[in-house]
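A.B. asks: One file: target_1.tsv (TSV, C-alpha atoms).
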```tsv
chain	number	residue	atom	x	y	z
H	29	MET	CA	0.00	0.00	0.00
H	30	THR	CA	2.84	2.39	0.83
H	31	SER	CA	4.42	2.03	-2.59
H	32	ALA	CA	1.03	2.45	-4.30
H	33	LEU	CA	0.37	5.70	-2.39
H	34	THR	CA	3.83	6.98	-3.22
H	35	GLN	CA	3.34	6.26	-6.90
H	36	ALA	CA	-0.13	7.83	-6.88
H	37	GLN	CA	1.25	10.98	-5.25
H	38	GLN	CA	4.03	11.11	-7.83
H	39	TYR	CA	1.56	10.88	-10.73
H	40	MET	CA	-0.70	13.49	-9.14
H	41	SER	CA	2.22	15.90	-8.83
H	42	GLU	CA	3.63	15.23	-12.28
H	43	TYR	CA	0.43	15.20	-14.32
H	44	GLY	CA	-2.26	16.69	-12.09
H	45	LEU	CA	-0.40	19.74	-10.80
H	46	SER	CA	1.20	20.39	-14.20
H	47	THR	CA	-2.30	20.44	-15.71
H	48	PHE	CA	-3.45	22.84	-13.00
H	49	LEU	CA	-0.43	25.03	-13.75
H	50	ALA	CA	-1.18	25.21	-17.48
H	51	PHE	CA	-4.94	25.78	-17.22
H	52	GLY	CA	-4.63	28.01	-14.16
H	53	THR	CA	-2.13	30.31	-15.87
H	54	ILE	CA	-4.27	30.66	-18.99
H	55	GLY	CA	-7.52	31.08	-17.06
H	56	ASN	CA	-6.20	33.67	-14.62
H	57	ILE	CA	-4.57	35.75	-17.38
H	58	LEU	CA	-7.84	35.78	-19.34
H	59	LEU	CA	-9.83	36.61	-16.21
H	60	ILE	CA	-7.53	39.52	-15.36
H	61	SER	CA	-7.88	40.79	-18.94
H	62	ILE	CA	-11.64	40.89	-18.49
H	63	LEU	CA	-11.80	42.31	-14.97
H	64	ILE	CA	-9.41	45.22	-15.68
H	65	ARG	CA	-11.87	46.68	-18.20
H	66	ARG	CA	-13.51	49.94	-17.24
H	67	THR	CA	-17.00	48.50	-16.81
H	68	HIS	CA	-15.73	46.02	-14.22
H	69	ARG	CA	-13.42	48.45	-12.42
H	70	ARG	CA	-16.46	50.50	-11.47
H	71	ASN	CA	-17.98	47.57	-9.57
H	72	SER	CA	-16.78	46.87	-6.04
H	73	CYS	CA	-17.32	43.11	-6.27
H	74	SER	CA	-15.35	42.95	-9.52
H	75	LEU	CA	-12.45	44.71	-7.80
H	76	TYR	CA	-12.34	42.03	-5.10
H	77	LEU	CA	-12.44	39.33	-7.78
H	78	LEU	CA	-9.65	41.09	-9.69
H	79	ALA	CA	-7.46	41.22	-6.58
H	80	ALA	CA	-8.12	37.54	-5.88
H	81	THR	CA	-7.30	36.61	-9.48
H	82	ILE	CA	-3.97	38.47	-9.39
H	83	VAL	CA	-3.08	36.65	-6.17
H	84	ASN	CA	-4.09	33.34	-7.76
H	85	LEU	CA	-1.75	33.91	-10.69
H	86	ILE	CA	1.16	34.80	-8.41
H	87	LEU	CA	0.45	31.79	-6.20
H	88	ILE	CA	0.38	29.15	-8.91
H	89	GLU	CA	3.45	30.59	-10.64
H	90	CYS	CA	5.45	30.63	-7.39
H	91	ILE	CA	4.32	27.33	-5.84
H	92	LEU	CA	3.29	24.87	-8.56
H	93	PRO	CA	6.55	24.69	-10.59
H	94	ALA	CA	8.46	23.48	-7.51
H	95	ALA	CA	5.63	21.05	-6.68
H	96	VAL	CA	5.75	19.59	-10.20
H	97	TYR	CA	9.55	19.37	-10.02
H	98	SER	CA	9.32	17.39	-6.75
H	99	ALA	CA	7.41	14.61	-8.52
H	100	ARG	CA	10.66	13.14	-9.89
H	101	ASN	CA	13.12	14.87	-7.59
H	102	ILE	CA	13.60	15.74	-3.95
H	103	ASP	CA	11.24	18.49	-2.87
H	104	PRO	CA	13.37	21.68	-2.65
H	105	GLN	CA	11.63	22.80	0.55
H	106	ASN	CA	12.91	19.66	2.32
H	107	ILE	CA	16.58	20.34	1.54
H	108	SER	CA	16.83	24.14	1.44
H	109	LEU	CA	16.03	25.96	4.66
H	110	VAL	CA	15.74	29.28	2.80
H	111	TRP	CA	13.16	27.92	0.35
H	112	CYS	CA	11.38	26.12	3.20
H	113	LYS	CA	10.81	29.45	4.94
H	114	ILE	CA	10.01	31.42	1.78
H	115	ARG	CA	7.65	28.78	0.41
H	116	SER	CA	5.80	28.39	3.74
H	117	TYR	CA	5.34	32.16	4.05
H	118	LEU	CA	4.30	32.70	0.42
H	119	PHE	CA	1.87	29.78	0.33
H	120	ASN	CA	0.10	30.83	3.52
H	121	ALA	CA	0.12	34.57	2.82
H	122	LEU	CA	-1.20	34.25	-0.74
H	123	LEU	CA	-3.84	31.69	0.24
H	124	MET	CA	-5.07	33.94	3.04
H	125	LEU	CA	-5.15	36.95	0.71
H	126	TYR	CA	-7.25	34.94	-1.73
H	127	ARG	CA	-9.61	33.76	1.02
H	128	TRP	CA	-10.10	37.23	2.47
H	129	TYR	CA	-10.70	38.81	-0.92
H	130	LYS	CA	-13.38	36.19	-1.51
H	131	MET	CA	-14.90	36.79	1.90
H	132	ALA	CA	-14.92	40.52	1.18
H	133	ALA	CA	-16.67	39.87	-2.15
H	134	CYS	CA	-19.38	37.83	-0.41
H	135	ILE	CA	-19.84	40.52	2.25
H	136	ASP	CA	-19.98	43.16	-0.47
H	137	ARG	CA	-22.78	41.31	-2.28
H	138	ALA	CA	-24.72	40.91	0.96
H	139	ALA	CA	-24.37	44.63	1.71
H	140	MET	CA	-25.34	45.69	-1.82
H	141	CYS	CA	-28.67	43.86	-1.62
H	142	ASN	CA	-29.55	45.10	1.86
H	143	ARG	CA	-32.65	47.27	2.24
H	144	HIS	CA	-30.81	49.78	4.46
H	145	ALA	CA	-29.08	52.53	2.50
H	146	TRP	CA	-26.22	52.93	5.00
H	147	ILE	CA	-25.33	49.25	4.60
H	148	ARG	CA	-25.59	49.45	0.80
H	149	SER	CA	-23.16	52.37	0.91
H	150	PHE	CA	-20.35	49.94	1.79
H	151	SER	CA	-20.72	48.39	-1.67
H	152	GLN	CA	-18.70	51.05	-3.50
H	153	ALA	CA	-15.55	50.89	-5.59
H	154	ARG	CA	-13.62	53.38	-3.42
H	155	ILE	CA	-14.40	51.39	-0.26
H	156	ALA	CA	-13.39	48.19	-2.04
H	157	CYS	CA	-10.02	49.74	-2.94
H	158	ARG	CA	-9.41	50.66	0.69
H	159	ALA	CA	-10.48	47.23	1.92
H	160	ILE	CA	-8.18	45.53	-0.59
H	161	LEU	CA	-5.26	47.67	0.56
H	162	ILE	CA	-5.93	46.91	4.24
H	163	ILE	CA	-6.35	43.17	3.62
H	164	THR	CA	-3.13	43.09	1.59
H	165	ILE	CA	-1.08	44.83	4.27
H	166	VAL	CA	-2.53	42.74	7.11
H	167	TRP	CA	-2.01	39.37	5.42
H	168	LEU	CA	1.48	40.17	4.24
H	169	ILE	CA	2.42	40.87	7.88
H	170	ILE	CA	0.58	38.21	9.88
H	171	PRO	CA	2.16	35.10	8.25
H	172	ILE	CA	5.72	36.33	8.87
H	173	HIS	CA	5.89	33.91	11.80
H	174	LEU	CA	5.96	31.02	9.31
H	175	GLY	CA	9.18	32.34	7.80
H	176	VAL	CA	10.67	32.61	11.28
H	177	PHE	CA	9.63	29.33	12.91
H	178	PHE	CA	9.50	26.80	10.07
H	179	ARG	CA	12.38	24.30	10.15
H	180	ILE	CA	13.64	21.22	8.34
H	181	GLU	CA	13.17	18.34	10.77
H	182	ASN	CA	13.60	14.69	9.82
H	183	GLY	CA	13.93	15.67	6.18
H	184	ARG	CA	10.68	17.64	6.06
H	185	CYS	CA	9.80	21.35	6.14
H	186	VAL	CA	7.58	21.61	9.21
H	187	PRO	CA	6.74	24.08	11.98
H	188	GLN	CA	9.24	24.11	14.81
H	189	SER	CA	8.36	21.41	17.32
H	190	GLY	CA	7.10	22.41	20.73
H	191	ALA	CA	4.90	25.36	21.59
H	192	TYR	CA	4.95	26.84	18.10
H	193	ALA	CA	3.75	23.57	16.54
H	194	LYS	CA	0.69	23.67	18.81
H	195	PHE	CA	0.14	27.36	18.04
H	196	PHE	CA	0.39	26.70	14.32
H	197	SER	CA	-2.16	23.87	14.58
H	198	ALA	CA	-4.64	26.19	16.29
H	199	TYR	CA	-3.86	28.96	13.79
H	200	SER	CA	-4.46	26.60	10.85
H	201	ILE	CA	-7.69	25.19	12.26
H	202	VAL	CA	-9.30	28.51	13.18
H	203	ILE	CA	-7.87	31.01	10.69
H	204	SER	CA	-7.21	28.86	7.62
H	205	GLY	CA	-9.46	25.85	8.06
H	206	TRP	CA	-12.93	26.73	9.26
H	207	SER	CA	-13.36	30.52	9.35
H	208	PRO	CA	-13.20	31.26	5.58
H	209	PRO	CA	-15.79	28.68	4.41
H	210	ILE	CA	-18.16	29.56	7.26
H	211	VAL	CA	-17.97	33.31	6.56
H	212	MET	CA	-18.28	32.81	2.78
H	213	SER	CA	-21.27	30.49	3.19
H	214	ILE	CA	-23.13	32.75	5.62
H	215	PHE	CA	-22.79	35.92	3.52
H	216	SER	CA	-23.50	34.08	0.27
H	217	ILE	CA	-26.79	32.86	1.72
H	218	ILE	CA	-27.60	36.34	3.03
H	219	SER	CA	-26.82	37.97	-0.32
H	220	PHE	CA	-28.93	35.46	-2.21
H	221	GLN	CA	-31.89	35.97	0.14
H	222	ASN	CA	-31.54	39.76	0.03
H	223	LEU	CA	-31.41	39.74	-3.76
H	224	LYS	CA	-34.65	37.76	-3.93
H	225	LYS	CA	-36.27	40.33	-1.66
H	226	VAL	CA	-35.00	43.25	-3.75
H	227	ARG	CA	-36.23	41.70	-6.98
H	228	ALA	CA	-39.61	40.91	-5.44
H	229	ARG	CA	-40.02	44.42	-4.14
H	230	VAL	CA	-42.31	46.53	-6.35
H	231	ARG	CA	-43.77	49.99	-6.07
H	232	PRO	CA	-47.20	51.17	-7.22
H	233	THR	CA	-47.21	53.43	-10.29
H	234	HIS	CA	-50.22	55.07	-11.95
H	235	SER	CA	-50.77	54.41	-15.61
H	236	VAL	CA	-51.01	57.24	-18.14
H	237	ASP	CA	-54.77	57.66	-17.84
H	238	GLN	CA	-54.54	57.64	-14.02
H	239	ASN	CA	-57.38	55.09	-13.86
H	240	ILE	CA	-55.45	51.83	-13.49
H	241	ILE	CA	-52.85	51.19	-10.83
H	242	ILE	CA	-50.25	48.63	-11.79
H	243	ASN	CA	-47.25	47.20	-10.04
H	244	VAL	CA	-44.05	47.57	-12.05
H	245	ARG	CA	-40.35	47.56	-11.48
H	246	THR	CA	-38.42	50.51	-12.78
H	247	PHE	CA	-35.81	50.00	-15.47
H	248	ASN	CA	-33.00	50.64	-13.00
H	249	GLN	CA	-34.33	47.99	-10.63
H	250	GLN	CA	-34.48	45.43	-13.42
H	251	ARG	CA	-31.00	46.30	-14.63
H	252	MET	CA	-29.56	46.16	-11.10
H	253	GLY	CA	-31.23	42.84	-10.49
H	254	LYS	CA	-29.75	41.22	-13.58
H	255	ARG	CA	-26.25	42.52	-12.97
H	256	ASP	CA	-26.23	41.64	-9.29
H	257	GLN	CA	-27.77	38.25	-9.92
H	258	GLN	CA	-24.86	37.38	-12.22
H	259	LEU	CA	-22.28	38.45	-9.64
H	260	ILE	CA	-24.04	36.65	-6.82
H	261	ILE	CA	-24.28	33.48	-8.90
H	262	LEU	CA	-20.54	33.67	-9.57
H	263	CYS	CA	-19.77	34.17	-5.88
H	264	ILE	CA	-22.06	31.33	-4.82
H	265	CYS	CA	-20.58	28.94	-7.38
H	266	GLU	CA	-17.07	29.76	-6.24
H	267	VAL	CA	-18.04	29.38	-2.58
H	268	LEU	CA	-19.46	25.94	-3.36
H	269	LEU	CA	-16.20	25.01	-5.10
H	270	TYR	CA	-14.22	26.35	-2.17
H	271	VAL	CA	-16.20	24.41	0.41
H	272	CYS	CA	-15.96	21.16	-1.59
H	273	THR	CA	-12.21	21.42	-2.15
H	274	ASN	CA	-11.29	22.76	1.32
H	275	LEU	CA	-13.50	20.58	3.50
H	276	LEU	CA	-10.98	17.71	3.52
H	277	TYR	CA	-8.21	20.15	4.46
H	278	SER	CA	-10.20	21.53	7.39
H	279	ILE	CA	-11.07	18.05	8.62
H	280	ASN	CA	-7.51	16.78	8.16
H	281	ILE	CA	-5.79	19.56	10.11
H	282	THR	CA	-8.35	19.18	12.91
H	283	TYR	CA	-7.76	15.41	12.97
H	284	SER	CA	-3.97	15.88	12.94
H	285	ALA	CA	-4.15	18.26	15.90
H	286	ILE	CA	-6.31	15.85	17.89
H	287	THR	CA	-4.10	12.80	17.19
H	288	SER	CA	-0.72	14.55	17.33
H	289	ASP	CA	0.28	12.85	20.60
H	290	GLU	CA	-0.71	9.32	19.56
H	291	GLN	CA	1.74	6.59	18.61
H	292	LYS	CA	1.23	5.74	14.94
H	293	THR	CA	2.39	2.90	12.73
H	294	ILE	CA	4.40	3.48	9.57
H	295	ASP	CA	1.42	2.60	7.36
H	296	ARG	CA	-0.84	5.00	9.23
H	297	ILE	CA	1.73	7.77	8.95
H	298	ARG	CA	2.05	7.15	5.22
H	299	ILE	CA	-1.74	7.17	4.72
H	300	GLU	CA	-2.09	10.39	6.71
H	301	SER	CA	0.75	11.94	4.72
H	302	PHE	CA	-0.98	11.07	1.45
H	303	ILE	CA	-4.29	12.52	2.68
H	304	ALA	CA	-2.48	15.68	3.78
H	305	TYR	CA	-0.91	15.99	0.32
H	306	PHE	CA	-4.24	15.32	-1.40
H	307	SER	CA	-5.98	18.00	0.68
H	308	THR	CA	-3.16	20.51	0.24
H	309	PRO	CA	-1.81	21.44	-2.18
H	310	PHE	CA	-3.69	19.19	-4.63
H	311	LEU	CA	-7.32	20.04	-3.79
H	312	ILE	CA	-6.76	23.51	-2.39
H	313	ILE	CA	-4.91	24.74	-5.48
H	314	ILE	CA	-7.99	24.00	-7.61
H	315	ASN	CA	-9.58	27.13	-6.12
H	316	ASN	CA	-6.74	29.22	-7.50
H	317	CYS	CA	-6.84	27.65	-10.98
H	318	ALA	CA	-10.54	27.15	-11.66
H	319	PRO	CA	-12.40	30.51	-11.21
H	320	PHE	CA	-12.26	31.44	-14.91
H	321	TYR	CA	-13.76	28.11	-15.94
H	322	VAL	CA	-16.37	28.22	-13.17
H	323	TYR	CA	-17.47	31.68	-14.30
H	324	LEU	CA	-17.51	30.48	-17.90
H	325	CYS	CA	-19.93	27.67	-17.05
H	326	ALA	CA	-22.11	29.63	-14.63
H	327	SER	CA	-22.65	33.02	-16.26
H	328	SER	CA	-23.93	33.89	-19.73
H	329	LYS	CA	-22.80	37.50	-19.18
H	330	PHE	CA	-19.27	36.33	-18.47
H	331	ARG	CA	-19.29	34.19	-21.61
H	332	SER	CA	-20.28	37.30	-23.53
H	333	ASP	CA	-17.38	39.20	-21.92
H	334	VAL	CA	-14.98	36.45	-22.99
H	335	LYS	CA	-16.34	36.55	-26.52
H	336	ASN	CA	-15.92	40.32	-26.65
H	337	LEU	CA	-12.36	39.99	-25.36
H	338	PHE	CA	-11.39	37.60	-28.13
H	339	LEU	CA	-13.16	39.73	-30.76
H	340	SER	CA	-11.36	42.87	-29.59
H	341	CYS	CA	-8.03	41.02	-29.72
H	342	PHE	CA	-8.84	39.80	-33.23
H	343	TYR	CA	-9.79	43.27	-34.46
H	344	CYS	CA	-6.73	44.79	-32.84
H	345	HIS	CA	-4.48	42.22	-34.52
H	346	ARG	CA	-6.24	42.80	-37.82
H	347	GLN	CA	-5.77	46.57	-37.59
H	348	VAL	CA	-2.07	46.12	-36.81
H	349	SER	CA	-1.69	43.80	-39.81
H	350	VAL	CA	-3.45	46.26	-42.12
H	351	SER	CA	-1.31	49.13	-40.80
H	352	ASN	CA	1.88	47.13	-41.38
H	353	ASN	CA	0.77	46.25	-44.93
H	354	ASP	CA	0.06	49.92	-45.66
H	355	GLN	CA	3.49	50.92	-44.41
H	356	ARG	CA	5.17	48.27	-46.54
H	357	THR	CA	3.15	49.39	-49.57
H	358	ARG	CA	4.17	53.03	-49.11
H	359	ALA	CA	7.78	52.02	-48.59
H	360	THR	CA	7.75	49.92	-51.79
H	361	GLY	CA	6.23	52.81	-53.74
H	362	THR	CA	8.91	55.20	-52.49
H	363	VAL	CA	11.71	52.83	-53.46
H	364	ALA	CA	10.17	52.32	-56.91
H	365	MET	CA	10.17	56.08	-57.53
H	366	VAL	CA	13.88	56.52	-56.81
H	367	PRO	CA	15.20	55.31	-60.25
H	368	VAL	CA	12.74	57.59	-62.06
H	369	ASN	CA	13.95	60.63	-60.13
H	370	SER	CA	17.59	59.67	-60.80
H	371	ALA	CA	16.95	59.28	-64.55
H	372	SER	CA	15.37	62.74	-64.78
H	373	HIS	CA	18.58	64.28	-63.43
```
Represent the supplied structure as structure tokens.
C.D. replies:
Amino acid sequence: MTSALTQAQQYMSEYGLSTFLAFGTIGNILLISILIRRTHRRNSCSLYLLAATIVNLILIECILPAAVYSARNIDPQNISLVWCKIRSYLFNALLMLYRWYKMAACIDRAAMCNRHAWIRSFSQARIACRAILIITIVWLIIPIHLGVFFRIENGRCVPQSGAYAKFFSAYSIVISGWSPPIVMSIFSIISFQNLKKVRARVRPTHSVDQNIIINVRTFNQQRMGKRDQQLIILCICEVLLYVCTNLLYSINITYSAITSDEQKTIDRIRIESFIAYFSTPFLIIINNCAPFYVYLCASSKFRSDVKNLFLSCFYCHRQVSVSNNDQRTRATGTVAMVPVNSASH
């Protein structure tokens, strides 16, 4: 069984993570290209998604190449203390940035659909920019302790044994494991319920002849409902993906903390090691690679944005080609006129 698990982990690293790296790079670059457009930069939720996508791209480019390399070679973090510390800090900091940007997006959607104007006022682009800046600063500072206290012990990059190991277990369980999915789930449910209430809310309006009273939604209400429904659907779909791919990680770190003082057999240690690898980085990294493809499947508006992106790239390339052809044509005409001018002299 031990050899089978080792071989399975090797194949997952070599073929699975390399696939995630390829598709994740392409998907995140395309998603950034869409979210940086002016129409999206005006929306607070889109700004949170843009920040999360940038972090995703940095994360997979910094972490996955070394993980793929370790499939056939010794993992660099287990032989280089410098990379052990840098990798531990980067992986945790970037994952927490991604999680908090997503939590902020869910909170933003819940606030936007609230019936109270003072709560809806938090769903603004300028507030989103400030929140992104604060989240970035906070989560680049907090994980510094990983770079300080991670060590190579028994050929593995692990938290320093003793008090810090217990602190890191509690930190992982509370901060990384259970808080993000709970917060995302709660505010996704609230935003969905609030949106249904907003869309169901109507106001009485007199018809032109003032004799019939009808219930209608204004054009702005309909437009807001469609736009917000798309964003909420995207957030809910990504929260579902997050919960499904992070549940095993949350359970595993809780189980590891509970059983840390038990005597374990070699087979049990190997099985637990494989489950730990399968939960992170294999399952967790899916969240950082898959958003573009989730949005593509879930939202017709996003598919339209992707189509427009490719069309604009095609037209831009076509205009450049036509401009280059015109320049070559003018240059050829100029060269052809030189002998005529020389003969006249």
A.B. asks: May I ask which of the residues H:Trp128, H:Phe306, H:Phe320, H:Phe338 is the closest one to Ile54 (chain H), counting all atoms listed in the file?
C.D. replies: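 Closest residue, counting all atoms listed in the file: H:Phe320.
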A.B. asks: Tell me which of H:Gln35, H:Val166, H:Thr30, H:Leu63 sits closest to Leu337 (chain H), counting only C-alpha atoms.
C.D. replies: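 Ranked by minimum distance to Leu337 (chain H), first place goes to H:Leu63.
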A.B. asks: Could you check the closest approach to Ile214 (chain H) for each of H:Phe310, H:Phe178, H:Cys134, H:Ile201 and tell me which residue wins, using only C-alpha atoms?
C.D. replies: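 Ranking H:Phe310, H:Phe178, H:Cys134, H:Ile201 by distance to Ile214 (chain H), first place goes to H:Cys134.
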A.B. asks: Do you know which residues lie at most 7 Å from (-4.1, 38.3, 0.9), with coordinates as in the file and all atoms listed in the file counted, and could you write them as a compact mmCIF listing (two decimals) with C-alpha atoms, in the coordinates of the input?
C.D. replies:
```txt
# COMPACT_ATOMS: atom_id res chain seq x y z
CA ALA H 121 0.12 34.57 2.82
CA LEU H 122 -1.20 34.25 -0.74
CA LEU H 123 -3.84 31.69 0.24
CA MET H 124 -5.07 33.94 3.04
CA LEU H 125 -5.15 36.95 0.71
CA TYR H 126 -7.25 34.94 -1.73
CA TRP H 128 -10.10 37.23 2.47
CA TYR H 129 -10.70 38.81 -0.92
CA ILE H 163 -6.35 43.17 3.62
CA THR H 164 -3.13 43.09 1.59
CA TRP H 167 -2.01 39.37 5.42
CA LEU H 168 1.48 40.17 4.24
```
A.B. asks: Rank H:Ile62, H:Met40, H:Ile169, H:Val83 by their smallest atom-to-atom distance to Cys341 (chain H), using only C-alpha atoms, and report the top residue only.
C.D. replies: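 Result for the nearest residue to Cys341 (chain H): H:Ile62.
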A.B. asks: What's the separation between CA of Asn336 (chain H) and CA of Ile160 (chain H), in Å to one decimal place?
C.D. replies: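 CA of Ile160 (chain H) lies at a distance of 27.7 Å from CA of Asn336 (chain H).
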A.B. asks: Take CA of Glu290 (chain H) and CA of Thr308 (chain H) and report the distance between them in Å, one decimal.
C.D. replies: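 Computing the Euclidean distance for CA of Glu290 (chain H) and CA of Thr308 (chain H) yields 22.5 Å.
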A.B. asks: With a distance cut-off of 9 Å and all atoms listed in the file, select the neighbouring residues of Ile279 (chain H), excluding the residue or stretch itself and same-chain residues fewer than 4 positions from it, and output the selection as a VMD selection string.
C.D. replies: chain H and resid 201 205 to 206 274 to 275 283 to 284
A.B. asks: How far is it from CA of Phe215 (chain H) to CA of Leu269 (chain H), in Å with one decimal?
C.D. replies: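 CA of Leu269 (chain H) lies at a distance of 15.4 Å from CA of Phe215 (chain H).
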A.B. asks: Closest to Ile107 (chain H) among H:Leu85, H:Val186, H:Ile165, H:Ile172, using only C-alpha atoms?
C.D. replies: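 Among H:Leu85, H:Val186, H:Ile165, H:Ile172, it is H:Val186 that comes nearest to Ile107 (chain H).
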A.B. asks: Under the rule that only C-alpha atoms are counted, which of H:Cys157, H:Ile297, H:Ala133, H:Leu174 is the nearest residue to Lys113 (chain H)?
C.D. replies: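 That would be H:Leu174, the residue with the smallest distance to Lys113 (chain H).
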